[in-house]
>>> print(open('target-v9.tsv').read())   # TSV, C-alpha atoms
chain	number	residue	atom	x	y	z
R	166	MET	CA	8.26	-51.93	11.87
R	167	ILE	CA	6.40	-50.46	8.91
R	168	SER	CA	4.83	-47.75	11.10
R	169	GLU	CA	8.31	-46.77	12.36
R	170	HIS	CA	9.55	-46.46	8.76
R	171	LEU	CA	6.49	-44.42	7.80
R	172	ALA	CA	7.04	-42.11	10.77
R	173	LEU	CA	10.71	-41.66	9.82
R	174	LEU	CA	9.76	-41.09	6.18
R	175	ARG	CA	7.15	-38.52	7.23
R	176	GLN	CA	9.64	-36.71	9.51
R	177	THR	CA	12.25	-36.67	6.72
R	178	PHE	CA	9.68	-35.37	4.22
R	179	PHE	CA	8.67	-32.47	6.47
R	180	THR	CA	12.30	-31.64	7.27
R	181	ILE	CA	13.10	-31.45	3.55
R	182	LEU	CA	9.93	-29.46	2.89
R	183	LYS	CA	10.92	-26.97	5.61
R	184	TYR	CA	14.22	-26.27	3.87
R	185	ILE	CA	12.64	-26.10	0.42
R	186	MET	CA	10.00	-23.64	1.67
R	187	ARG	CA	12.40	-21.56	3.77
R	188	PRO	CA	12.39	-17.89	2.75
R	189	THR	CA	15.57	-16.73	1.10
R	190	THR	CA	14.96	-13.00	1.28
R	191	ILE	CA	14.57	-10.56	4.13
R	192	ILE	CA	12.62	-7.32	4.24
R	193	THR	CA	14.58	-4.11	4.64
R	194	THR	CA	13.51	-0.48	4.56
R	195	ASP	CA	15.54	2.67	4.35
R	196	PRO	CA	15.12	5.50	6.85
R	197	GLN	CA	12.21	7.69	5.79
R	198	ALA	CA	10.85	4.91	3.50
R	199	GLY	CA	7.14	4.25	3.40
R	200	GLN	CA	4.01	6.21	2.65
R	201	ASP	CA	3.30	9.22	4.87
R	202	ILE	CA	-0.31	10.07	5.59
R	203	SER	CA	-2.26	12.39	7.85
R	204	VAL	CA	-5.01	10.65	9.81
R	205	VAL	CA	-7.23	12.86	12.01
R	206	GLY	CA	-4.36	15.37	12.25
R	207	ASP	CA	-1.76	12.76	13.28
R	208	ASN	CA	1.16	11.82	11.01
R	209	TYR	CA	1.54	8.11	10.15
R	210	ARG	CA	4.26	6.48	8.09
R	211	LEU	CA	3.38	3.06	6.73
R	212	ILE	CA	6.79	1.38	7.14
R	213	LEU	CA	5.67	-2.17	6.32
R	214	THR	CA	2.27	-3.13	5.00
R	215	GLY	CA	0.58	-6.42	4.31
R	216	LYS	CA	1.96	-6.26	0.76
R	217	GLU	CA	5.50	-6.64	2.10
R	218	THR	CA	4.64	-9.17	4.85
R	219	ASP	CA	2.15	-11.36	2.97
R	220	GLY	CA	-0.56	-10.12	5.31
R	221	ALA	CA	1.22	-11.22	8.50
R	222	PHE	CA	1.55	-7.76	10.06
R	223	ALA	CA	1.91	-4.04	9.43
R	224	LEU	CA	4.34	-1.63	11.09
R	225	ILE	CA	3.40	2.04	11.39
R	226	ASP	CA	5.49	4.96	12.66
R	227	MET	CA	3.10	7.39	14.34
R	228	LEU	CA	3.69	11.02	15.32
R	229	ILE	CA	0.92	12.33	17.55
R	230	PRO	CA	0.82	16.10	18.15
R	231	PRO	CA	-0.40	17.58	21.44
R	232	GLY	CA	-4.15	16.98	21.61
R	233	GLY	CA	-3.95	14.35	18.84
R	234	GLY	CA	-4.96	10.72	18.74
R	235	PRO	CA	-7.97	8.72	17.59
R	236	GLY	CA	-11.32	8.66	19.35
R	237	PRO	CA	-12.82	5.53	20.87
R	238	HIS	CA	-12.87	2.60	18.47
R	239	ALA	CA	-12.59	-1.17	18.33
R	240	HIS	CA	-11.32	-3.71	15.83
R	241	ALA	CA	-12.06	-7.34	16.61
R	242	LYS	CA	-9.86	-8.84	13.88
R	243	PHE	CA	-6.59	-7.06	14.70
R	244	GLN	CA	-4.16	-7.06	17.58
R	245	GLU	CA	-2.71	-3.58	17.85
R	246	SER	CA	0.42	-2.88	19.89
R	247	PHE	CA	2.09	0.46	20.60
R	248	TYR	CA	5.66	1.05	21.74
R	249	VAL	CA	6.31	4.61	22.88
R	250	LEU	CA	9.59	5.93	21.46
R	251	GLU	CA	9.27	9.53	22.69
R	252	GLY	CA	6.74	11.48	24.70
R	253	GLU	CA	3.60	9.95	26.11
R	254	ILE	CA	0.04	9.00	25.26
R	255	VAL	CA	-2.96	8.37	27.49
R	256	VAL	CA	-4.60	5.08	26.55
R	257	ARG	CA	-8.20	4.54	27.63
R	258	SER	CA	-10.35	1.42	27.56
R	259	GLU	CA	-13.56	0.42	29.30
R	260	SER	CA	-11.52	-1.07	32.13
R	261	ALA	CA	-8.51	1.22	32.57
R	262	THR	CA	-6.68	4.44	31.83
R	263	TYR	CA	-2.92	4.17	31.38
R	264	VAL	CA	-0.29	6.82	30.74
R	265	ALA	CA	2.18	5.20	28.35
R	266	ARG	CA	5.54	6.98	28.54
R	267	LYS	CA	8.80	6.45	26.66
R	268	GLY	CA	9.63	2.74	26.73
R	269	SER	CA	6.05	1.65	27.51
R	270	LEU	CA	4.23	-0.99	25.52
R	271	VAL	CA	0.47	-1.21	25.16
R	272	SER	CA	-1.17	-4.16	23.41
R	273	ILE	CA	-4.84	-4.33	22.50
R	274	PRO	CA	-5.73	-7.98	21.84
R	275	GLN	CA	-7.94	-9.28	19.08
R	276	GLY	CA	-11.55	-9.43	20.09
R	277	GLY	CA	-12.68	-5.83	19.94
R	278	ALA	CA	-11.70	-4.04	23.17
R	279	ILE	CA	-12.93	-0.47	22.88
R	280	HIS	CA	-9.98	1.89	23.26
R	281	SER	CA	-8.55	5.26	22.37
R	282	PHE	CA	-5.33	7.12	22.89
R	283	LYS	CA	-4.56	10.80	23.14
R	284	ASN	CA	-1.48	12.92	23.51
R	285	GLU	CA	-2.35	15.07	26.52
R	286	SER	CA	1.18	16.45	26.87
R	287	GLY	CA	2.66	19.60	25.40
R	288	SER	CA	5.05	17.83	22.97
R	289	THR	CA	4.79	15.40	20.09
R	290	ALA	CA	4.53	11.72	20.97
R	291	HIS	CA	6.36	9.22	18.75
R	292	ILE	CA	5.07	5.66	18.79
R	293	LEU	CA	5.66	2.51	16.79
R	294	CYS	CA	2.48	0.56	16.09
R	295	MET	CA	2.35	-3.09	15.03
R	296	VAL	CA	-0.90	-4.56	13.75
R	297	VAL	CA	-1.38	-8.34	13.46
R	298	PRO	CA	-2.55	-9.38	10.94
R	299	SER	CA	-2.15	-6.52	8.51
R	300	GLY	CA	-5.12	-4.61	7.14
R	301	LEU	CA	-5.60	-1.71	9.53
R	302	GLU	CA	-3.00	0.25	7.55
R	303	GLU	CA	-5.36	0.12	4.55
R	304	PHE	CA	-8.03	1.79	6.67
R	305	PHE	CA	-5.50	4.52	7.51
R	306	ARG	CA	-4.56	4.88	3.85
R	307	GLU	CA	-8.18	5.45	2.82
R	308	ALA	CA	-9.17	7.55	5.84
R	309	GLY	CA	-6.14	9.84	5.62
R	310	GLU	CA	-4.48	12.00	3.04
R	311	PRO	CA	-0.88	12.22	1.80
R	312	ALA	CA	1.39	14.25	4.05
R	313	GLU	CA	5.08	14.96	4.50
R	314	TYR	CA	6.74	13.08	7.36
R	315	GLY	CA	6.71	15.16	10.53
R	316	LYS	CA	4.30	17.74	9.12
R	317	PHE	CA	0.90	17.90	10.75
R	318	LEU	CA	-2.12	18.75	8.65
R	319	PRO	CA	-5.16	20.19	10.40
R	320	ALA	CA	-7.59	17.56	11.66
R	321	PRO	CA	-10.51	17.26	9.26
R	322	GLU	CA	-13.75	19.03	10.05
R	323	MET	CA	-15.96	16.36	11.56
R	324	ASN	CA	-19.00	17.27	9.51
R	325	GLU	CA	-21.72	14.96	8.19
R	326	GLU	CA	-19.77	14.13	4.99
R	327	TRP	CA	-16.65	13.16	6.96
R	328	LEU	CA	-18.69	11.08	9.43
R	329	LYS	CA	-20.37	9.18	6.57
R	330	LYS	CA	-16.97	8.47	5.03
R	331	MET	CA	-15.61	7.20	8.36
R	332	GLU	CA	-18.71	5.03	8.93
R	333	PHE	CA	-18.30	3.53	5.43
R	334	LEU	CA	-14.58	2.85	5.94
R	335	ALA	CA	-15.15	1.48	9.44
R	336	LYS	CA	-17.61	-1.05	8.08
R	337	LYS	CA	-15.31	-1.91	5.16
R	338	TYR	CA	-12.36	-2.59	7.51
R	339	ASP	CA	-14.29	-4.21	10.39
R	340	GLN	CA	-13.92	-1.23	12.71
R	341	GLU	CA	-16.37	0.11	15.23
R	342	LEU	CA	-16.43	3.83	15.98
R	343	PHE	CA	-17.85	5.30	19.18
R	344	PRO	CA	-18.75	8.86	20.26
R	345	PRO	CA	-15.75	10.98	21.31
R	346	ASP	CA	-16.86	10.96	24.96
R	347	TYR	CA	-17.71	7.23	25.10
R	348	LEU	CA	-14.80	6.28	27.36
R	349	ASP	CA	-15.18	9.41	29.52
R	350	LYS	CA	-18.23	7.79	31.07
R	351	LYS	CA	-16.36	4.63	32.07
>>> encode(input="target-v9.tsv", output="structure tokens")
Amino acid sequence: MISEHLALLRQTFFTILKYIMRPTTIITTDPQAGQDISVVGDNYRLILTGKETDGAFALIDMLIPPGGGPGPHAHAKFQESFYVLEGEIVVRSESATYVARKGSLVSIPQGGAIHSFKNESGSTAHILCMVVPSGLEEFFREAGEPAEYGKFLPAPEMNEEWLKKMEFLAKKYDQELFPPDYLDKK
């Protein structure tokens, strides 16, 4: 009998705690809100960062010009998912190549799958990227430079100074970078 009362008391306690701890606010953003940055010639808007989501996730609006997209890389601590809003990107991994068109979803699980994506079409690709947990957006913030939304800055010159900066940031944010042709051999 006592164990039944303790179980009921415990259930009641956690029910009350759930309502006490329930969030009372929601997150909203206005159109065009967020920081705009240029990363390797692409245009990224940081819509939601870990600061707004308590580290749960980040949401990034990405515009990828023809020929744009990051080289082969991996990040074991993040799940990265892309939803293609307009255009298309070619996603490569060690096991597959996939053309993601409007309405496609690509999800790279945690664990460090080596992947890249590139816009091989003649028009801008527009994708929504969600990263779980947040943190990858901070890599983008440090690796990129401020830019106006929809305006593409030239890709940086990939000289020794730039490569050292990327290697430093990759290590800081638990990224692995691979040679540009790494997935071409797969």
>>> closest_residue(input="target-v9.tsv", among="R:His280, R:Asn324, R:Gln340, R:Ser203", to="Ser260 (chain R)", atoms="all atoms listed in the file")
R:His280
>>> closest_residue(input="target-v9.tsv", among="R:Asp219, R:Glu313, R:Glu303, R:Asp201", to="Lys337 (chain R)", atoms="all atoms listed in the file")
R:Glu303
>>> atom_distance(input="target-v9.tsv", atom1="CA of Pro237 (chain R)", atom2="CA of Phe343 (chain R)")
5.3 Å
>>> closest_residue(input="target-v9.tsv", among="R:Met295, R:Asp349, R:Tyr338, R:Phe317", to="Thr262 (chain R)", atoms="all atoms listed in the file")
R:Asp349
>>> closest_residue(input="target-v9.tsv", among="R:Lys330, R:Arg257, R:Lys242, R:Arg266", to="Val297 (chain R)", atoms="all atoms listed in the file")
R:Lys242
>>> atom_distance(input="target-v9.tsv", atom1="CA of Pro321 (chain R)", atom2="CA of Tyr347 (chain R)")
20.1 Å
>>> atom_distance(input="target-v9.tsv", atom1="CA of Lys267 (chain R)", atom2="CA of Glu251 (chain R)")
5.0 Å
>>> residues_around(input="target-v9.tsv", residues="Thr214 (chain R)", least_positions_apart="6", cutoff="10 Å", atoms="all atoms listed in the file", output="list in words")
Gly199, Gln200, Gly220, Ala221, Phe222, Ala223, Leu224, Ile225, Val296, Pro298, Ser299, Gly300, Leu301, Glu302 and Glu303 of chain R
>>> write_last_selection(input="target-v9.tsv", atoms="C-alpha atoms", output="PDB file, keeping the file's coordinate frame")
ATOM      1  CA  GLY R 199       7.140   4.250   3.400  1.00  0.00           C
ATOM      2  CA  GLN R 200       4.010   6.210   2.650  1.00  0.00           C
ATOM      3  CA  GLY R 220      -0.560 -10.120   5.310  1.00  0.00           C
ATOM      4  CA  ALA R 221       1.220 -11.220   8.500  1.00  0.00           C
ATOM      5  CA  PHE R 222       1.550  -7.760  10.060  1.00  0.00           C
ATOM      6  CA  ALA R 223       1.910  -4.040   9.430  1.00  0.00           C
ATOM      7  CA  LEU R 224       4.340  -1.630  11.090  1.00  0.00           C
ATOM      8  CA  ILE R 225       3.400   2.040  11.390  1.00  0.00           C
ATOM      9  CA  VAL R 296      -0.900  -4.560  13.750  1.00  0.00           C
ATOM     10  CA  PRO R 298      -2.550  -9.380  10.940  1.00  0.00           C
ATOM     11  CA  SER R 299      -2.150  -6.520   8.510  1.00  0.00           C
ATOM     12  CA  GLY R 300      -5.120  -4.610   7.140  1.00  0.00           C
ATOM     13  CA  LEU R 301      -5.600  -1.710   9.530  1.00  0.00           C
ATOM     14  CA  GLU R 302      -3.000   0.250   7.550  1.00  0.00           C
ATOM     15  CA  GLU R 303      -5.360   0.120   4.550  1.00  0.00           C
TER      16      GLU R 303
END
>>> axis_aligned_box(input="target-v9.tsv", around="region 333-341 of chain R", padding_each_side="3 Å", output="lines of an AutoDock Vina configuration file")
center_x = -15.3
center_y = -0.3
center_z = 10.2
size_x = 11.9
size_y = 13.7
size_z = 16.1
>>> closest_residue(input="target-v9.tsv", among="R:Tyr314, R:Phe282, R:Phe243, R:Tyr248", to="Cys294 (chain R)", atoms="all atoms listed in the file")
R:Tyr248
>>> closest_residue(input="target-v9.tsv", among="R:Tyr263, R:Phe333, R:Tyr209, R:Phe304", to="Ala290 (chain R)", atoms="all atoms listed in the file")
R:Tyr209
>>> residues_around(input="target-v9.tsv", residues="Val205 (chain R)", least_positions_apart="5", cutoff="8 Å", atoms="all atoms listed in the file", output="VMD selection string")
chain R and resid 233 to 235 309 319 to 321
>>> residues_around(input="target-v9.tsv", residues="Ile191 (chain R)", least_positions_apart="3", cutoff="12 Å", atoms="all atoms listed in the file", output="mmCIF file with C-alpha atoms, in the frame of the given file")
data_model
loop_
_atom_site.group_PDB
_atom_site.id
_atom_site.type_symbol
_atom_site.label_atom_id
_atom_site.label_comp_id
_atom_site.auth_asym_id
_atom_site.auth_seq_id
_atom_site.Cartn_x
_atom_site.Cartn_y
_atom_site.Cartn_z
ATOM 1 C CA ARG R 187 12.400 -21.560 3.770
ATOM 2 C CA PRO R 188 12.390 -17.890 2.750
ATOM 3 C CA THR R 194 13.510 -0.480 4.560
ATOM 4 C CA GLU R 217 5.500 -6.640 2.100
ATOM 5 C CA THR R 218 4.640 -9.170 4.850
#
>>> decode(input="target-v9.tsv", residues="region 281-296 of chain R", atoms="N, CA, C and O atoms", output="CSV table (one decimal), in the first residue's frame")
chain,number,residue,atom,x,y,z
R,281,SER,N,29.8,16.4,-48.9
R,281,SER,CA,29.9,17.8,-49.5
R,281,SER,C,28.7,18.0,-50.3
R,281,SER,O,27.9,17.1,-50.6
R,282,PHE,N,28.4,19.3,-50.7
R,282,PHE,CA,27.4,19.5,-51.6
R,282,PHE,C,27.8,20.7,-52.5
R,282,PHE,O,28.6,21.5,-52.1
R,283,LYS,N,27.3,20.6,-53.7
R,283,LYS,CA,27.7,21.6,-54.7
R,283,LYS,C,26.5,21.9,-55.6
R,283,LYS,O,25.7,21.1,-55.9
R,284,ASN,N,26.3,23.2,-55.9
R,284,ASN,CA,25.3,23.6,-56.9
R,284,ASN,C,25.9,23.5,-58.3
R,284,ASN,O,26.8,24.3,-58.7
R,285,GLU,N,25.6,22.4,-59.0
R,285,GLU,CA,26.1,22.2,-60.3
R,285,GLU,C,25.1,22.7,-61.4
R,285,GLU,O,25.4,22.5,-62.6
R,286,SER,N,24.1,23.4,-61.0
R,286,SER,CA,23.1,24.0,-62.0
R,286,SER,C,23.5,25.4,-62.4
R,286,SER,O,24.5,25.9,-61.9
R,287,GLY,N,22.7,26.0,-63.2
R,287,GLY,CA,23.0,27.3,-63.7
R,287,GLY,C,22.2,28.4,-62.9
R,287,GLY,O,22.3,29.6,-63.3
R,288,SER,N,21.5,28.0,-61.8
R,288,SER,CA,20.8,29.0,-61.0
R,288,SER,C,21.0,28.8,-59.6
R,288,SER,O,21.4,27.7,-59.1
R,289,THR,N,20.7,29.8,-58.8
R,289,THR,CA,20.9,29.8,-57.3
R,289,THR,C,20.1,28.7,-56.7
R,289,THR,O,18.9,28.6,-57.0
R,290,ALA,N,20.7,27.9,-55.8
R,290,ALA,CA,19.9,27.0,-55.0
R,290,ALA,C,19.6,27.6,-53.6
R,290,ALA,O,20.4,28.4,-53.1
R,291,HIS,N,18.4,27.4,-53.1
R,291,HIS,CA,18.0,27.9,-51.8
R,291,HIS,C,17.6,26.7,-50.9
R,291,HIS,O,16.7,26.0,-51.2
R,292,ILE,N,18.4,26.6,-49.9
R,292,ILE,CA,18.1,25.5,-49.0
R,292,ILE,C,18.0,25.9,-47.5
R,292,ILE,O,18.6,27.0,-47.1
R,293,LEU,N,17.3,25.2,-46.7
R,293,LEU,CA,17.1,25.4,-45.3
R,293,LEU,C,17.9,24.3,-44.6
R,293,LEU,O,17.7,23.2,-44.9
R,294,CYS,N,18.8,24.7,-43.7
R,294,CYS,CA,19.7,23.8,-43.0
R,294,CYS,C,19.4,23.8,-41.6
R,294,CYS,O,19.3,24.9,-41.0
R,295,MET,N,19.1,22.6,-41.0
R,295,MET,CA,19.0,22.5,-39.5
R,295,MET,C,20.1,21.7,-39.0
R,295,MET,O,20.5,20.7,-39.5
R,296,VAL,N,20.7,22.2,-37.9
R,296,VAL,CA,21.8,21.5,-37.3
R,296,VAL,C,21.4,21.2,-35.8
R,296,VAL,O,21.0,22.1,-35.1
